[in-house]
Amino acid sequence: MGTVEATRNEQAATATEGKADALTITDRRTGRVYEVPITNGTIRAMDLRQIKTGADDFGLMSYDPAFLNTASCTSRITFIDGDKGILRYRGYPIEVLAEKCKYLEVAYLLLYGELPNKKQYDQWVHDITYHTMIHESLKKVMDAFNYDAHPMGMLISTVAAMSTFYPDAREVHDPEKRTKQIHRLIAKMPTVSAFAYKHSMGMPYVYPSNALDYCENFLTMLFKTPAESYTPNPTLVRALEVLFILHADHEQNCGTNAMRSIGSAHTDPYSSLAGAAAALYGPLHGGANEEVLKMLEEIGSVSNVPAFIEQVKQGKGEKRLMGFGHRVYKNFDPRAKIIKRMAEEVFEVTGRNPLLDIALELERIALQDEYFVKRKLYPNVDFYSGLIYQAIGIPTAAFTVLFAIPRTSGWLAQWQEMLEDPEEKIARPRQVYLGPGERPFVPMEKR
Ligand code: ACO
């Protein structure tokens with residue numbers, strides 16, 4: 001689109017789309033009128049560039065800090081309608097997938113666009129199962145961390161280190177090599193995560209077992225010791241499976257945006273994924289589940305809830321109700337609903353988590369308080385997931401790791417889609433420069 005005259009733009013829009021969906025813009029600085037085509041409910045920011053005040057004007061840009069209203073890509077993986085509380089992977093509602101599927105089935109769906117048939121699924125499970133071991137030298141890398149290293153810090157660094165073990169991962173345009181890294185990453189994330197946990201406990205690593213499925217294997221690597229046999233409880237295995245499905249993808253969130261952005265430089269997937277995991281680590285993102293538990297412990301009892309809510313309201317954004325609010329969901333987070341239901345099943349096995357009553361009271365009060373209602377703040381995926389992780393026996397510091405494991409399939413699906421997108425280019429936003437203009441240099445003795 002490079003036309004300036006309205007009539008030519010109209011023709012172009014009609015020719016491109018077969019219909020004249022367009023935005024008419026009048027530039028009051030020049031009095032000129034432009035027509036910018038609308039496709040899929042969006043205008044292309046580059047179509048604004050033609051809007052200039054003169055030949056030496058760079059052209060109009062859009063300014064959108066934090067991408068509040070900017071689509072950075074097209075995608076066919078995950079659909080969210082934040083107002084209606086809808087989340088679908090490849091067209092399938094999250095509620096259906098959470099009820100009927102195993103995590104690896106959903107990972108396949110995200111990556112390949114269709115649910116696997118039996119043969120495809122068996123092959124996929126085999127490919128993942130046979131890549132769960134990690135190089136012994138990588139284990140030594142993990143050994144080098146201090147005893148109290150945060151498991152997310154260990155995970156991020158170890159995944160980045162994996163890029164040095166698989167130099168073929170740099171060939172990001174070779175689909176076969178990409179598939180190999182996908183198998184490795186999905187398979188090894190639970191192993192690295194469990195090793196990080198064992199390291200923090202000062203306990204020997206438990207190696208993966210090919211006799212177990214993905215979630216059973218992970219729980220066994222976490223909780224088995226050489227001294228005792230361990231059989232994970234089927235209810236807890238299923239709960240983990242559901243939590244993994246709910247966390248597998250969430251379109252262009254902060255971590256996924258990091259994955260696509262780093263990957264757009266054709267960086268290998270291990271380094272890109274380490275960057276995505278680093279974004280996830282933040283307390284406003286995947287780190288929130290850890291913060292929710294700290295918050296519930298800080299509140300301490302149901303009777304302290306009203307005072308805490310008051311502090312949040314008076315704090316005016318300084319103190320937040322962790323696990324509440326979402327950039328996209330402004331009605332409810334469908335994942336939170338599923339998790340809340342599942343928590344009851346888990347607590348039947350593990351005994352009721354005493355923090356649940358505080359969480360329920362927080363939710364009850366917040367949902368009827370004008371401050372939260374007006375701002376459309378509802379419990380998000382992290383509000384109840386931490387309580388389940390804690391009931392399973394996972395320490396608070398490892399919660400975000402349990403988010404990163406399943407999100408790996410989503411990150412890889414988005415990375416692969418980005419690489420195959422004909423419009424793909426290195427991600428490089430513009431800025432609005434507000435600093436000083438050119439000024440004379442002042443030697444140090446004169447400053
Ligand atoms: N508690 C109290 N007030 C809040 C909260 C909260 N949890 N979240 C937002 N607000 C308030 C803000 O102070 C702001 O108020 P104002 O209009 O008076 O200034 C208003 O609601 C809008 O908040 P924003 O920060 O503009 O909303 P944004 O969409 O940028 O933030 C976010 C979304 C980061 C998730 C935010 O709601 C938050 O910090 N929540 C707590 C952390 C959390 O649970 N994160 C996990 C998100 S899910 C995930 O990443 C997996």
# chains A, B, ... in the order shown; residues from 1 in each chain; ligands from 1
>>> residues_near_ligand(ligand="ligand 1", cutoff="6 Å", atoms="only C-alpha atoms and all ligand atoms", output="ChimeraX atom specification")
/A:284-286,288,312,316-317,320-327,375,380-381
>>> write_last_selection(atoms="C-alpha atoms", output="PDB file, in the first residue's frame")
ATOM      1  CA  LEU A 284       3.508  -9.944  37.054  1.00  0.00           C
ATOM      2  CA  HIS A 285       3.541 -13.010  34.798  1.00  0.00           C
ATOM      3  CA  GLY A 286       4.180 -16.684  35.715  1.00  0.00           C
ATOM      4  CA  ALA A 288       2.439 -14.628  40.259  1.00  0.00           C
ATOM      5  CA  VAL A 312      -4.684  -3.082  48.343  1.00  0.00           C
ATOM      6  CA  LYS A 316      -3.683   2.375  44.551  1.00  0.00           C
ATOM      7  CA  GLY A 317      -1.714  -0.088  42.468  1.00  0.00           C
ATOM      8  CA  ARG A 320      -1.727  -5.725  44.298  1.00  0.00           C
ATOM      9  CA  LEU A 321      -3.996  -8.629  44.953  1.00  0.00           C
ATOM     10  CA  MET A 322      -1.774 -11.272  43.370  1.00  0.00           C
ATOM     11  CA  GLY A 323      -3.555 -13.792  41.160  1.00  0.00           C
ATOM     12  CA  PHE A 324      -6.165 -11.166  40.308  1.00  0.00           C
ATOM     13  CA  GLY A 325      -6.530  -9.261  37.069  1.00  0.00           C
ATOM     14  CA  HIS A 326      -5.463 -10.033  33.536  1.00  0.00           C
ATOM     15  CA  ARG A 327      -4.493  -8.001  30.522  1.00  0.00           C
ATOM     16  CA  ARG A 375     -11.487  -2.467  37.142  1.00  0.00           C
ATOM     17  CA  ASN A 380      -6.623 -15.565  37.068  1.00  0.00           C
ATOM     18  CA  VAL A 381      -4.977 -18.940  36.424  1.00  0.00           C
TER      19      VAL A 381
END
>>> residues_around(residues="Thr231 in chain A", least_positions_apart="3", cutoff="12 Å", atoms="only C-alpha atoms", output="PyMOL selection string")
chain A and resi 212+215-225+228+234-237
>>> write_last_selection(atoms="C-alpha atoms", output="tab-separated table (two decimals), in the first residue's frame")
chain	number	residue	atom	x	y	z
A	212	LEU	CA	6.11	-43.95	33.15
A	215	CYS	CA	3.29	-36.50	34.38
A	216	GLU	CA	3.92	-39.70	36.38
A	217	ASN	CA	7.56	-39.47	35.39
A	218	PHE	CA	7.82	-35.85	36.50
A	219	LEU	CA	6.23	-36.52	39.90
A	220	THR	CA	8.49	-39.55	40.35
A	221	MET	CA	11.63	-37.55	39.52
A	222	LEU	CA	10.47	-34.97	42.08
A	223	PHE	CA	9.46	-37.19	44.96
A	224	LYS	CA	11.17	-40.56	44.66
A	225	THR	CA	14.29	-41.13	46.74
A	228	GLU	CA	12.09	-45.79	48.91
A	234	PRO	CA	-3.56	-41.11	40.10
A	235	THR	CA	-5.69	-38.12	41.21
A	236	LEU	CA	-2.57	-35.99	41.57
A	237	VAL	CA	-1.23	-37.22	38.21
>>> atom_distance(atom1="CA of Tyr89 in chain A", atom2="CA of Pro283 in chain A")
25.3 Å
>>> select_by_dssp(residues="range 35-107 of chain A", states="strand (DSSP E)", output="ChimeraX atom specification")
/A:35-37,78-81,86-89,92-93
>>> closest_residue(among="A:His250, A:Arg29, A:Lys139, A:Arg439", to="Phe195 in chain A", atoms="only C-alpha atoms")
A:Lys139
>>> residues_around(residues="His131 in chain A", least_positions_apart="6", cutoff="9 Å", atoms="only C-alpha atoms", output="ChimeraX atom specification")
/A:183-188
>>> write_last_selection(atoms="N, CA and C atoms", output="mmCIF file, in the first residue's frame")
data_model
loop_
_atom_site.group_PDB
_atom_site.id
_atom_site.type_symbol
_atom_site.label_atom_id
_atom_site.label_comp_id
_atom_site.auth_asym_id
_atom_site.auth_seq_id
_atom_site.Cartn_x
_atom_site.Cartn_y
_atom_site.Cartn_z
ATOM 1 N N HIS A 183 11.364 -32.225 20.281
ATOM 2 C CA HIS A 183 11.325 -33.443 21.122
ATOM 3 C C HIS A 183 12.193 -33.246 22.365
ATOM 4 N N ARG A 184 13.410 -32.767 22.125
ATOM 5 C CA ARG A 184 14.347 -32.635 23.251
ATOM 6 C C ARG A 184 13.805 -31.684 24.316
ATOM 7 N N LEU A 185 13.320 -30.536 23.868
ATOM 8 C CA LEU A 185 12.896 -29.531 24.859
ATOM 9 C C LEU A 185 11.681 -30.000 25.663
ATOM 10 N N ILE A 186 10.668 -30.535 24.959
ATOM 11 C CA ILE A 186 9.471 -30.988 25.688
ATOM 12 C C ILE A 186 9.853 -32.126 26.640
ATOM 13 N N ALA A 187 10.768 -32.985 26.190
ATOM 14 C CA ALA A 187 11.153 -34.139 27.000
ATOM 15 C C ALA A 187 12.036 -33.751 28.189
ATOM 16 N N LYS A 188 12.943 -32.820 27.979
ATOM 17 C CA LYS A 188 13.955 -32.546 29.019
ATOM 18 C C LYS A 188 13.528 -31.493 30.045
#
>>> residues_around(residues="Trp415 in chain A", least_positions_apart="2", cutoff="8 Å", atoms="only C-alpha atoms", output="ChimeraX atom specification")
/A:259-260,263,269,411-413,417-419
>>> atom_distance(atom1="CA of Asp83 in chain A", atom2="CA of Asp333 in chain A")
9.6 Å
>>> closest_residue(among="A:Leu280, A:Glu438, A:Thr400, A:Thr191", to="Thr256 in chain A", atoms="only C-alpha atoms")
A:Leu280
